[in-house]
file protein32.csv (CSV, C-alpha atoms)
chain,number,residue,atom,x,y,z
A,1,MET,CA,15.4,-103.3,54.1
A,2,THR,CA,19.0,-103.3,55.3
A,3,LYS,CA,22.0,-103.4,53.0
A,4,LEU,CA,23.7,-106.8,52.7
A,5,VAL,CA,27.2,-105.5,52.7
A,6,ARG,CA,28.1,-102.5,54.8
A,7,ARG,CA,31.1,-100.7,53.5
A,8,ARG,CA,33.6,-98.2,54.8
A,9,TYR,CA,35.5,-95.6,52.7
A,10,LEU,CA,38.9,-94.4,53.8
A,11,ALA,CA,40.4,-91.2,52.6
A,12,PHE,CA,44.2,-91.4,52.7
A,13,ARG,CA,47.3,-89.5,51.7
A,14,VAL,CA,50.5,-91.1,50.5
A,15,GLU,CA,53.7,-89.7,51.7
A,16,CYS,CA,56.6,-90.5,49.4
A,17,GLU,CA,59.5,-88.5,48.0
A,18,ASP,CA,59.0,-89.8,44.5
A,19,SER,CA,55.8,-90.0,42.4
A,20,VAL,CA,53.6,-93.1,42.9
A,21,ASP,CA,50.9,-94.5,40.6
A,22,GLN,CA,47.6,-96.0,41.4
A,23,ARG,CA,48.7,-99.6,40.6
A,24,ALA,CA,51.7,-99.3,43.0
A,25,VAL,CA,49.5,-98.0,45.8
A,26,SER,CA,46.9,-100.7,45.3
A,27,GLY,CA,49.6,-103.3,45.2
A,28,ALA,CA,51.1,-102.0,48.5
A,29,VAL,CA,47.8,-102.1,50.3
A,30,TRP,CA,46.9,-105.6,49.0
A,31,ASP,CA,50.4,-106.9,49.9
A,32,ALA,CA,50.1,-105.4,53.4
A,33,VAL,CA,46.7,-107.1,54.1
A,34,LEU,CA,47.9,-110.3,52.6
A,35,ARG,CA,51.1,-110.3,54.7
A,36,LEU,CA,49.3,-109.5,58.0
A,37,PHE,CA,46.1,-111.5,57.6
A,38,GLY,CA,46.7,-114.0,54.9
A,39,GLU,CA,44.5,-115.0,52.0
A,40,VAL,CA,41.4,-115.6,54.1
A,41,GLY,CA,41.7,-112.2,55.7
A,42,CYS,CA,42.2,-110.6,52.3
A,43,SER,CA,39.1,-112.3,50.9
A,44,GLN,CA,37.0,-110.9,53.9
A,45,ALA,CA,38.4,-107.4,53.5
A,46,GLY,CA,36.6,-106.6,50.3
A,47,LEU,CA,39.4,-104.2,49.3
A,48,ASN,CA,39.1,-101.8,46.4
A,49,LEU,CA,41.1,-98.7,45.6
A,50,VAL,CA,38.2,-96.4,44.5
A,51,HIS,CA,40.3,-93.4,43.4
A,52,PHE,CA,43.9,-92.2,43.6
A,53,ASN,CA,45.2,-88.8,42.4
A,54,GLU,CA,48.8,-89.2,41.4
A,55,GLY,CA,49.4,-85.5,41.5
A,56,THR,CA,48.1,-84.7,45.0
A,57,LYS,CA,48.7,-88.3,46.3
A,58,TYR,CA,45.3,-88.3,47.9
A,59,GLY,CA,43.0,-91.4,47.4
A,60,VAL,CA,40.0,-93.3,48.6
A,61,LEU,CA,40.0,-97.0,49.6
A,62,ARG,CA,36.9,-99.1,50.1
A,63,CYS,CA,36.6,-102.1,52.4
A,64,SER,CA,34.0,-104.1,54.3
A,65,HIS,CA,33.0,-102.4,57.7
A,66,LYS,CA,33.9,-105.6,59.5
A,67,ALA,CA,37.4,-105.6,58.1
A,68,LEU,CA,38.0,-101.9,58.9
A,69,PRO,CA,40.4,-102.6,61.9
A,70,MET,CA,42.3,-105.0,59.7
A,71,VAL,CA,42.6,-102.6,56.8
A,72,ARG,CA,43.6,-99.7,59.0
A,73,ALA,CA,46.3,-101.8,60.7
A,74,ALA,CA,47.6,-103.0,57.3
A,75,VAL,CA,47.6,-99.5,55.8
A,76,ALA,CA,49.5,-98.2,58.9
A,77,SER,CA,52.1,-101.0,58.5
A,78,ILE,CA,53.1,-100.0,55.0
A,79,THR,CA,56.7,-98.6,54.9
A,80,LYS,CA,57.4,-99.1,51.2
A,81,ILE,CA,55.5,-98.6,47.9
A,82,GLY,CA,57.4,-100.5,45.3
A,83,ASP,CA,61.0,-100.2,46.4
A,84,ARG,CA,60.6,-96.6,47.7
A,85,PRO,CA,60.2,-95.7,51.3
A,86,ALA,CA,56.7,-94.4,51.9
A,87,ALA,CA,53.9,-94.0,54.4
A,88,ILE,CA,50.1,-93.9,54.1
A,89,HIS,CA,48.1,-91.8,56.5
A,90,VAL,CA,44.4,-92.4,56.8
A,91,LEU,CA,42.6,-89.0,57.0
A,92,ARG,CA,39.0,-89.9,57.6
A,93,VAL,CA,36.7,-93.0,57.5
A,94,SER,CA,33.1,-92.8,56.4
A,95,GLY,CA,30.2,-95.0,55.4
A,96,SER,CA,29.6,-93.4,52.1
A,97,LEU,CA,31.6,-91.6,49.4
A,98,LYS,CA,29.3,-88.6,49.6
A,99,ALA,CA,29.8,-88.2,53.4
A,100,LEU,CA,33.5,-88.7,53.0
A,101,GLY,CA,33.6,-85.9,50.4
A,102,LYS,CA,32.0,-83.6,53.0
A,103,LYS,CA,34.4,-84.5,55.7
A,104,VAL,CA,37.6,-84.3,53.7
A,105,SER,CA,38.6,-81.4,51.5
A,106,PHE,CA,40.6,-83.1,48.7
A,107,PRO,CA,43.0,-80.7,47.0
A,108,PRO,CA,42.2,-80.1,43.4
B,1,MET,CA,42.5,-85.6,73.3
B,2,LYS,CA,46.1,-84.5,73.5
B,3,PHE,CA,48.6,-87.0,72.2
B,4,SER,CA,52.2,-87.5,73.3
B,5,ASP,CA,55.1,-89.2,71.6
B,6,LEU,CA,57.8,-89.7,74.2
B,7,HIS,CA,60.4,-91.2,71.9
B,8,LEU,CA,61.1,-89.1,68.8
B,9,ARG,CA,64.7,-89.9,67.9
B,10,VAL,CA,65.7,-86.8,66.0
B,11,PRO,CA,69.2,-86.5,64.6
B,12,LEU,CA,70.7,-83.8,67.0
B,13,ASN,CA,73.5,-82.9,64.6
B,14,ASP,CA,71.2,-82.1,61.8
B,15,LEU,CA,68.9,-79.2,62.8
B,16,GLU,CA,67.1,-79.1,59.5
B,17,LYS,CA,66.0,-82.7,59.7
B,18,THR,CA,65.1,-82.2,63.3
B,19,ARG,CA,62.8,-79.4,62.4
B,20,ARG,CA,61.2,-81.5,59.6
B,21,MET,CA,60.6,-84.4,62.0
B,22,ILE,CA,59.1,-82.1,64.7
B,23,ALA,CA,57.0,-80.3,62.1
B,24,LYS,CA,55.7,-83.7,60.9
B,25,SER,CA,54.9,-84.8,64.5
B,26,SER,CA,52.9,-81.7,65.0
B,27,GLU,CA,51.1,-82.1,61.7
B,28,LEU,CA,50.2,-85.7,62.7
B,29,GLY,CA,48.5,-84.5,65.8
B,30,TYR,CA,51.0,-84.8,68.6
B,31,SER,CA,51.2,-81.9,71.2
B,32,GLN,CA,54.0,-83.3,73.4
B,33,ILE,CA,57.3,-84.7,72.1
B,34,GLY,CA,60.0,-86.4,74.1
B,35,VAL,CA,63.4,-86.3,72.5
B,36,PRO,CA,66.2,-88.6,73.8
B,37,LEU,CA,69.2,-86.5,74.6
B,38,PRO,CA,72.8,-87.5,75.4
B,39,SER,CA,73.6,-87.2,79.1
B,40,GLY,CA,76.2,-84.5,78.6
B,41,ILE,CA,74.2,-82.2,76.3
B,42,LYS,CA,74.7,-78.5,76.8
B,43,GLN,CA,71.9,-76.3,77.9
B,44,ASP,CA,72.0,-74.0,74.7
B,45,ARG,CA,71.3,-77.1,72.6
B,46,VAL,CA,68.3,-78.0,74.7
B,47,ASP,CA,67.1,-74.4,74.4
B,48,GLN,CA,67.5,-74.6,70.6
B,49,LEU,CA,65.3,-77.8,70.5
B,50,CYS,CA,62.8,-76.2,72.9
B,51,GLN,CA,62.6,-73.2,70.5
B,52,VAL,CA,62.0,-75.4,67.5
B,53,CYS,CA,59.2,-77.2,69.4
B,54,GLU,CA,57.6,-73.9,70.5
B,55,GLU,CA,57.6,-72.8,66.8
B,56,PHE,CA,55.4,-75.7,65.9
B,57,GLY,CA,53.2,-75.4,69.1
B,58,VAL,CA,54.6,-78.6,70.6
B,59,ASP,CA,55.5,-79.2,74.2
B,60,PHE,CA,59.2,-80.3,74.5
B,61,VAL,CA,60.1,-83.1,76.9
B,62,THR,CA,63.7,-84.0,77.7
B,63,ARG,CA,64.4,-87.7,77.9
B,64,LEU,CA,67.4,-89.8,78.8
B,65,ASP,CA,67.8,-93.3,77.5
B,66,LEU,CA,70.0,-95.3,79.8
B,67,VAL,CA,71.7,-98.4,78.4
B,68,PRO,CA,73.5,-99.8,81.4
B,69,LYS,CA,75.7,-102.9,81.3
B,70,SER,CA,75.7,-103.5,85.1
B,71,LEU,CA,73.6,-102.7,88.2
B,72,GLY,CA,76.3,-100.2,89.3
B,73,GLU,CA,76.1,-98.4,86.0
B,74,LEU,CA,72.3,-98.2,86.2
B,75,LEU,CA,72.3,-96.9,89.8
B,76,GLY,CA,75.1,-94.5,89.1
B,77,GLY,CA,73.4,-93.2,85.9
B,78,LEU,CA,70.1,-92.6,87.8
B,79,ARG,CA,71.9,-90.9,90.7
B,80,ARG,CA,73.7,-88.5,88.3
B,81,PHE,CA,71.1,-87.7,85.7
B,82,ARG,CA,67.6,-88.3,87.1
B,83,ARG,CA,67.1,-84.6,88.1
B,84,ARG,CA,68.3,-83.3,84.8
B,85,PHE,CA,65.8,-85.0,82.6
B,86,GLU,CA,62.0,-85.1,82.6
B,87,VAL,CA,61.7,-88.7,81.5
B,88,VAL,CA,64.2,-91.5,82.1
B,89,SER,CA,64.0,-94.8,80.3
B,90,VAL,CA,66.1,-97.9,80.8
B,91,LEU,CA,66.9,-100.5,78.1
B,92,CYS,CA,67.0,-103.7,80.1
B,93,SER,CA,69.6,-106.0,78.6
B,94,SER,CA,69.7,-108.6,81.4
B,95,LYS,CA,67.3,-110.0,84.0
B,96,PRO,CA,69.0,-108.4,87.1
B,97,LEU,CA,69.0,-105.0,85.3
B,98,ALA,CA,65.3,-105.4,84.4
B,99,ARG,CA,64.4,-106.3,88.0
B,100,GLN,CA,66.3,-103.4,89.4
B,101,ALA,CA,64.9,-100.9,86.9
B,102,ALA,CA,61.3,-102.2,87.6
B,103,LYS,CA,61.6,-101.6,91.3
B,104,ASP,CA,63.4,-98.3,91.2
B,105,ARG,CA,61.0,-95.3,91.5
B,106,ARG,CA,63.4,-93.1,89.5
B,107,VAL,CA,62.8,-95.1,86.3
B,108,ASP,CA,59.9,-94.0,84.2
B,109,LEU,CA,60.0,-96.3,81.2
B,110,LEU,CA,61.1,-99.9,80.8
B,111,CYS,CA,62.3,-100.8,77.3
B,112,PHE,CA,63.3,-104.2,75.9
B,113,SER,CA,65.3,-105.3,72.9
B,114,VAL,CA,63.5,-106.2,69.7
B,115,ALA,CA,66.5,-107.6,68.0
B,116,GLU,CA,66.9,-110.3,70.7
B,117,PRO,CA,63.5,-111.7,71.8
B,118,ARG,CA,65.2,-113.7,74.5
B,119,LYS,CA,66.2,-110.5,76.2
B,120,ARG,CA,62.6,-109.3,76.7
B,121,PHE,CA,62.3,-109.8,80.4
B,122,PHE,CA,58.8,-108.4,80.9
B,123,ASP,CA,57.2,-111.4,82.6
B,124,TRP,CA,54.8,-111.5,85.6
B,125,ALA,CA,57.7,-111.0,88.2
B,126,GLU,CA,58.8,-107.9,86.3
B,127,ALA,CA,55.2,-106.7,86.0
B,128,GLU,CA,54.6,-107.2,89.7
B,129,LEU,CA,57.7,-105.1,90.6
B,130,ALA,CA,56.8,-102.4,88.1
B,131,SER,CA,53.2,-102.2,89.4
B,132,LYS,CA,54.6,-101.3,92.9
B,133,SER,CA,56.9,-98.6,91.5
B,134,SER,CA,56.0,-96.0,88.9
B,135,ALA,CA,57.6,-97.6,85.9
B,136,ALA,CA,55.7,-98.0,82.7
B,137,PHE,CA,56.3,-100.5,79.9
B,138,GLU,CA,57.2,-98.8,76.6
B,139,ILE,CA,56.5,-100.1,73.1
B,140,ASP,CA,58.4,-98.5,70.2
B,141,MET,CA,56.2,-98.7,67.1
B,142,ALA,CA,59.1,-98.0,64.7
B,143,GLN,CA,60.5,-101.4,65.7
B,144,VAL,CA,57.1,-103.0,64.9
B,145,LEU,CA,57.1,-101.3,61.5
B,146,SER,CA,60.7,-102.2,60.6
B,147,VAL,CA,60.8,-105.9,61.3
B,148,GLU,CA,59.3,-108.4,58.7
B,149,GLY,CA,58.5,-112.0,58.3
B,150,SER,CA,59.2,-114.5,61.2
B,151,ALA,CA,60.8,-111.7,63.3
B,152,ARG,CA,57.5,-109.8,63.2
B,153,VAL,CA,55.5,-112.9,64.0
B,154,SER,CA,57.7,-113.5,67.0
B,155,LEU,CA,57.5,-109.9,68.1
B,156,PHE,CA,53.7,-109.8,67.9
B,157,SER,CA,53.5,-113.0,69.9
B,158,ARG,CA,55.8,-111.5,72.6
B,159,LEU,CA,54.0,-108.2,72.7
B,160,ARG,CA,50.6,-109.9,73.0
B,161,ARG,CA,51.9,-111.8,76.1
B,162,GLU,CA,53.6,-108.7,77.6
B,163,VAL,CA,50.5,-106.4,77.0
B,164,ALA,CA,48.3,-109.0,78.7
B,165,THR,CA,50.7,-109.3,81.6
B,166,ALA,CA,50.9,-105.5,82.0
B,167,LYS,CA,47.1,-105.4,82.0
B,168,SER,CA,46.7,-108.1,84.7
B,169,PHE,CA,49.2,-106.4,87.0
B,170,GLY,CA,48.0,-102.8,86.3
B,171,VAL,CA,51.3,-101.7,84.8
B,172,PRO,CA,50.8,-98.7,82.5
B,173,VAL,CA,51.8,-99.1,78.9
B,174,VAL,CA,53.2,-96.3,76.8
B,175,ILE,CA,53.2,-96.4,73.0
B,176,SER,CA,55.9,-94.2,71.4
B,177,SER,CA,57.0,-93.8,67.8
B,178,GLY,CA,60.7,-94.5,68.3
B,179,ALA,CA,61.1,-93.1,64.8
B,180,MET,CA,64.4,-91.9,63.4
B,181,GLU,CA,62.8,-91.0,60.0
B,182,ALA,CA,59.8,-88.9,59.3
B,183,LEU,CA,58.4,-91.7,57.1
B,184,LEU,CA,58.2,-94.0,60.1
B,185,LEU,CA,55.9,-91.6,62.0
B,186,ARG,CA,52.2,-92.4,62.0
B,187,LYS,CA,49.0,-90.7,63.4
B,188,PRO,CA,47.9,-91.8,66.9
B,189,GLN,CA,44.9,-93.5,65.5
B,190,ASP,CA,47.2,-95.5,63.1
B,191,TYR,CA,49.3,-96.6,66.1
B,192,ALA,CA,46.2,-97.6,67.9
B,193,SER,CA,45.2,-99.7,64.8
B,194,LEU,CA,48.7,-101.3,64.9
B,195,ALA,CA,48.4,-102.0,68.6
B,196,TRP,CA,45.1,-103.9,67.8
B,197,LEU,CA,47.4,-106.5,66.2
B,198,PHE,CA,48.8,-107.5,69.6
B,199,ASP,CA,45.4,-107.5,71.3
B,200,MET,CA,45.4,-104.0,72.7
B,201,ASP,CA,42.0,-102.5,72.3
B,202,VAL,CA,41.8,-99.1,70.6
B,203,SER,CA,40.7,-97.1,73.6
B,204,ARG,CA,43.5,-98.5,75.7
B,205,ALA,CA,46.0,-97.9,73.0
B,206,LEU,CA,44.9,-94.3,72.7
B,207,GLU,CA,45.3,-93.9,76.4
B,208,ALA,CA,48.9,-95.2,76.0
B,209,LEU,CA,49.5,-92.4,73.5
B,210,SER,CA,47.8,-89.6,75.5
B,211,LYS,CA,46.9,-89.9,79.2
B,212,ILE,CA,49.6,-92.2,80.4
B,213,PRO,CA,52.7,-90.4,78.9
B,214,ALA,CA,51.2,-87.0,79.9
B,215,CYS,CA,50.8,-88.2,83.5
B,216,ILE,CA,54.4,-89.3,83.6
B,217,VAL,CA,55.6,-85.9,82.3
B,218,GLU,CA,53.4,-84.0,84.7
B,219,ARG,CA,54.5,-86.1,87.7
B,220,ASN,CA,58.2,-85.5,86.9
B,221,ARG,CA,57.7,-81.8,86.2
B,222,GLY,CA,56.0,-81.6,89.6
B,223,LYS,CA,59.0,-83.3,91.3
B,224,GLN,CA,61.5,-81.0,89.5
B,225,SER,CA,59.6,-77.9,90.5
B,226,SER,CA,61.0,-75.7,93.3
B,227,GLY,CA,58.1,-76.3,95.6
B,228,TYR,CA,58.4,-80.1,95.7
B,229,VAL,CA,59.3,-81.6,99.1
B,230,ALA,CA,58.3,-85.3,99.0
B,231,PRO,CA,55.6,-87.4,97.4
B,232,GLY,CA,52.3,-85.7,98.3
B,233,VAL,CA,54.0,-82.7,100.0
B,234,ARG,CA,54.8,-79.5,98.2
B,235,ILE,CA,55.2,-75.8,99.3
B,236,ILE,CA,52.1,-73.8,98.5
B,237,ARG,CA,53.1,-70.5,100.0
B,238,GLU,CA,56.1,-69.4,102.0
B,239,LYS,CA,55.6,-67.4,105.1
B,240,ARG,CA,57.0,-63.9,104.6
B,241,SER,CA,59.6,-62.8,107.2
B,242,LEU,CA,58.6,-59.6,109.1
call {"tool": "encode", "arguments": {"input": "protein32.csv", "output": "structure tokens"}}
result
Amino acid sequence: MTKLVRRRYLAFRVECEDSVDQRAVSGAVWDAVLRLFGEVGCSQAGLNLVHFNEGTKYGVLRCSHKALPMVRAAVASITKIGDRPAAIHVLRVSGSLKALGKKVSFPP
Amino acid sequence: MKFSDLHLRVPLNDLEKTRRMIAKSSELGYSQIGVPLPSGIKQDRVDQLCQVCEEFGVDFVTRLDLVPKSLGELLGGLRRFRRRFEVVSVLCSSKPLARQAAKDRRVDLLCFSVAEPRKRFFDWAEAELASKSSAAFEIDMAQVLSVEGSARVSLFSRLRREVATAKSFGVPVVISSGAMEALLLRKPQDYASLAWLFDMDVSRALEALSKIPACIVERNRGKQSSGYVAPGVRIIREKRSL
């Protein structure tokens, strides 16, 4: 039996001179998707920030596999987190958290 | 796949920041970097930049951005500086300038203003002229990233039309970062995702970041080499005098 919702997990790294928290990163991603694709697009994306390490600035984002191009474009369009200039670089994309963990070596 | 960024706008008076930006570009996966230089730059400065690029394992490409106000200025600039730079781009601020730049074989890249959408002259006539010469249409992604709101909506709409026009006339498209800050640099795959927003499919966008700019640089380096005679004619071996 096939899964009803296929998901994609994106490992990313935040580049910002100051420290950023999980809430701010999540807000920046949601804002970017909302700004580019509107409320309908946002509802289709199935976005969720699975994990974010404030020390290493590495994190994992989950979205629907159909919305992957949308989410990648939105993440690439982020130039600010809060009021601070920032960039988010997607490191790898995978279909499961387990596979993502094998592909990306997250710093401790 | 080897990626090129033909428009990295490093601050030439700040060597430390220049190093940081070149290091960032290398880290993000670019193996060839084009740096716009002033026309009167001294050779030791160019050598210094070349050395920094070598340090990070990046191929350094010299680039000249021409911003002419008249046809005479454009032709004079091309005549004087074409041979000194590996890539020459022209910011087309008027229709006659855009048409002349598109049909001139010495022009590599055609750029258009983002601040003034009415001054983007890349229509079918421009594309037809560009397709007969060797000029490519350049998109600076820093400008896509820096505009917001209605300006971004208008820019996406124009870019969508221009990319479709370029495709139908076979004009190559080059995607460059155009970044003045390291935080405006993105990975090639991220630029391809952004290009998807104006209907450029990912494979075509990746080509615009790799194959097409590399071809332009290779072609111009070939022309600047000592053995070049004319298009398709180069000296392979010289006959030794007895």
call {"tool": "interface_residues", "arguments": {"input": "protein32.csv", "of": "chain B", "to": "chain A", "cutoff": "8 Å", "atoms": "only C-alpha atoms", "output": "count of residues only"}}
result
12
call {"tool": "closest_residue", "arguments": {"input": "protein32.csv", "among": "B:Met180, B:Asp59, B:Gln224, B:Ala101", "to": "Pro11 in chain B", "atoms": "only C-alpha atoms"}}
result
B:Met180
call {"tool": "residues_around", "arguments": {"input": "protein32.csv", "residues": "Leu8 in chain B", "least_positions_apart": "6", "cutoff": "8 Å", "atoms": "all atoms listed in the file", "output": "PDB file with C-alpha atoms, keeping the file's coordinate frame"}}
result
ATOM      1  CA  ILE B  33      57.300 -84.700  72.100  1.00  0.00           C
ATOM      2  CA  GLY B  34      60.000 -86.400  74.100  1.00  0.00           C
ATOM      3  CA  VAL B  35      63.400 -86.300  72.500  1.00  0.00           C
ATOM      4  CA  PRO B  36      66.200 -88.600  73.800  1.00  0.00           C
ATOM      5  CA  SER B 176      55.900 -94.200  71.400  1.00  0.00           C
ATOM      6  CA  SER B 177      57.000 -93.800  67.800  1.00  0.00           C
ATOM      7  CA  GLY B 178      60.700 -94.500  68.300  1.00  0.00           C
ATOM      8  CA  ALA B 179      61.100 -93.100  64.800  1.00  0.00           C
ATOM      9  CA  MET B 180      64.400 -91.900  63.400  1.00  0.00           C
TER      10      MET B 180
END
call {"tool": "atom_distance", "arguments": {"input": "protein32.csv", "atom1": "CA of Gly57 in chain B", "atom2": "CA of Arg20 in chain B"}}
result
13.8 Å
call {"tool": "closest_residue", "arguments": {"input": "protein32.csv", "among": "A:Arg23, A:Gly82, A:Val5, A:Ala11", "to": "Ala99 in chain A", "atoms": "only C-alpha atoms"}}
result
A:Ala11
call {"tool": "residues_around", "arguments": {"input": "protein32.csv", "residues": "range 52-58 of chain A", "least_positions_apart": "5", "cutoff": "7 Å", "atoms": "all atoms listed in the file", "output": "MDAnalysis selection string"}}
result
chainID A and resid 12:14 20:22 107
call {"tool": "write_last_selection", "arguments": {"input": "protein32.csv", "atoms": "C-alpha atoms", "output": "PDB file, keeping the file's coordinate frame"}}
result
ATOM      1  CA  PHE A  12      44.200 -91.400  52.700  1.00  0.00           C
ATOM      2  CA  ARG A  13      47.300 -89.500  51.700  1.00  0.00           C
ATOM      3  CA  VAL A  14      50.500 -91.100  50.500  1.00  0.00           C
ATOM      4  CA  VAL A  20      53.600 -93.100  42.900  1.00  0.00           C
ATOM      5  CA  ASP A  21      50.900 -94.500  40.600  1.00  0.00           C
ATOM      6  CA  GLN A  22      47.600 -96.000  41.400  1.00  0.00           C
ATOM      7  CA  PRO A 107      43.000 -80.700  47.000  1.00  0.00           C
TER       8      PRO A 107
END
call {"tool": "atom_distance", "arguments": {"input": "protein32.csv", "atom1": "CA of Cys63 in chain A", "atom2": "CA of Arg7 in chain A"}}
result
5.8 Å
call {"tool": "closest_residue", "arguments": {"input": "protein32.csv", "among": "A:Val25, A:Ala32, A:Leu97, A:Leu47", "to": "Gly149 in chain B", "atoms": "all atoms listed in the file"}}
result
A:Ala32
call {"tool": "atom_distance", "arguments": {"input": "protein32.csv", "atom1": "CA of Asp65 in chain B", "atom2": "CA of Glu138 in chain B"}}
result
12.0 Å
call {"tool": "closest_residue", "arguments": {"input": "protein32.csv", "among": "B:Ser89, B:Asn220, B:Ser4, B:Gln189", "to": "Leu74 in chain B", "atoms": "all atoms listed in the file"}}
result
B:Ser89
call {"tool": "residues_around", "arguments": {"input": "protein32.csv", "residues": "Phe156 in chain B", "least_positions_apart": "5", "cutoff": "9 Å", "atoms": "all atoms listed in the file", "output": "list in words"}}
result
Val144, Ala151, Arg161, Leu197 and Phe198 of chain B
call {"tool": "closest_residue", "arguments": {"input": "protein32.csv", "among": "B:Ile212, B:Ala182, B:Leu91, B:Cys111", "to": "Ala23 in chain B", "atoms": "only C-alpha atoms"}}
result
B:Ala182
call {"tool": "decode", "arguments": {"input": "protein32.csv", "residues": "range 26-68 of chain A", "atoms": "C-alpha atoms", "output": "short mmCIF file (atom, residue, chain, number, x, y, z; two decimals), in the first residue's frame"}}
result
data_model
loop_
_atom_site.label_atom_id
_atom_site.label_comp_id
_atom_site.auth_asym_id
_atom_site.auth_seq_id
_atom_site.Cartn_x
_atom_site.Cartn_y
_atom_site.Cartn_z
CA SER A 26 10.37 29.04 11.02
CA GLY A 27 8.74 32.47 10.68
CA ALA A 28 11.13 33.49 7.89
CA VAL A 29 10.40 30.31 5.89
CA TRP A 30 6.62 30.63 6.36
CA ASP A 31 6.76 34.33 5.38
CA ALA A 32 8.77 33.55 2.25
CA VAL A 33 6.34 30.84 1.08
CA LEU A 34 3.35 33.05 1.90
CA ARG A 35 4.86 36.03 0.05
CA LEU A 36 5.71 34.06 -3.09
CA PHE A 37 2.80 31.62 -3.35
CA GLY A 38 0.04 33.02 -1.16
CA GLU A 39 -2.21 31.26 1.33
CA VAL A 40 -3.25 28.49 -1.08
CA GLY A 41 0.38 27.67 -1.86
CA CYS A 42 1.21 27.70 1.83
CA SER A 43 -1.62 25.29 2.58
CA GLN A 44 -0.34 22.88 -0.10
CA ALA A 45 3.27 23.03 1.05
CA GLY A 46 2.78 21.08 4.30
CA LEU A 47 5.64 22.99 5.88
CA ASN A 48 7.13 22.05 9.21
CA LEU A 49 10.45 22.90 10.80
CA VAL A 50 11.42 19.50 12.18
CA HIS A 51 14.58 20.53 13.95
CA PHE A 52 16.91 23.51 14.30
CA ASN A 53 20.14 23.67 16.23
CA GLU A 54 20.72 27.26 17.34
CA GLY A 55 24.40 26.62 18.04
CA THR A 56 25.42 25.12 14.71
CA LYS A 57 22.61 26.84 12.74
CA TYR A 58 21.81 23.55 10.98
CA GLY A 59 18.22 22.42 10.65
CA VAL A 60 15.73 20.16 8.91
CA LEU A 61 12.57 21.29 7.16
CA ARG A 62 9.74 19.04 6.02
CA CYS A 63 7.37 19.66 3.11
CA SER A 64 5.13 17.82 0.69
CA HIS A 65 7.08 16.32 -2.26
CA LYS A 66 4.82 18.16 -4.71
CA ALA A 67 5.65 21.47 -3.07
CA LEU A 68 9.44 20.91 -3.10
#
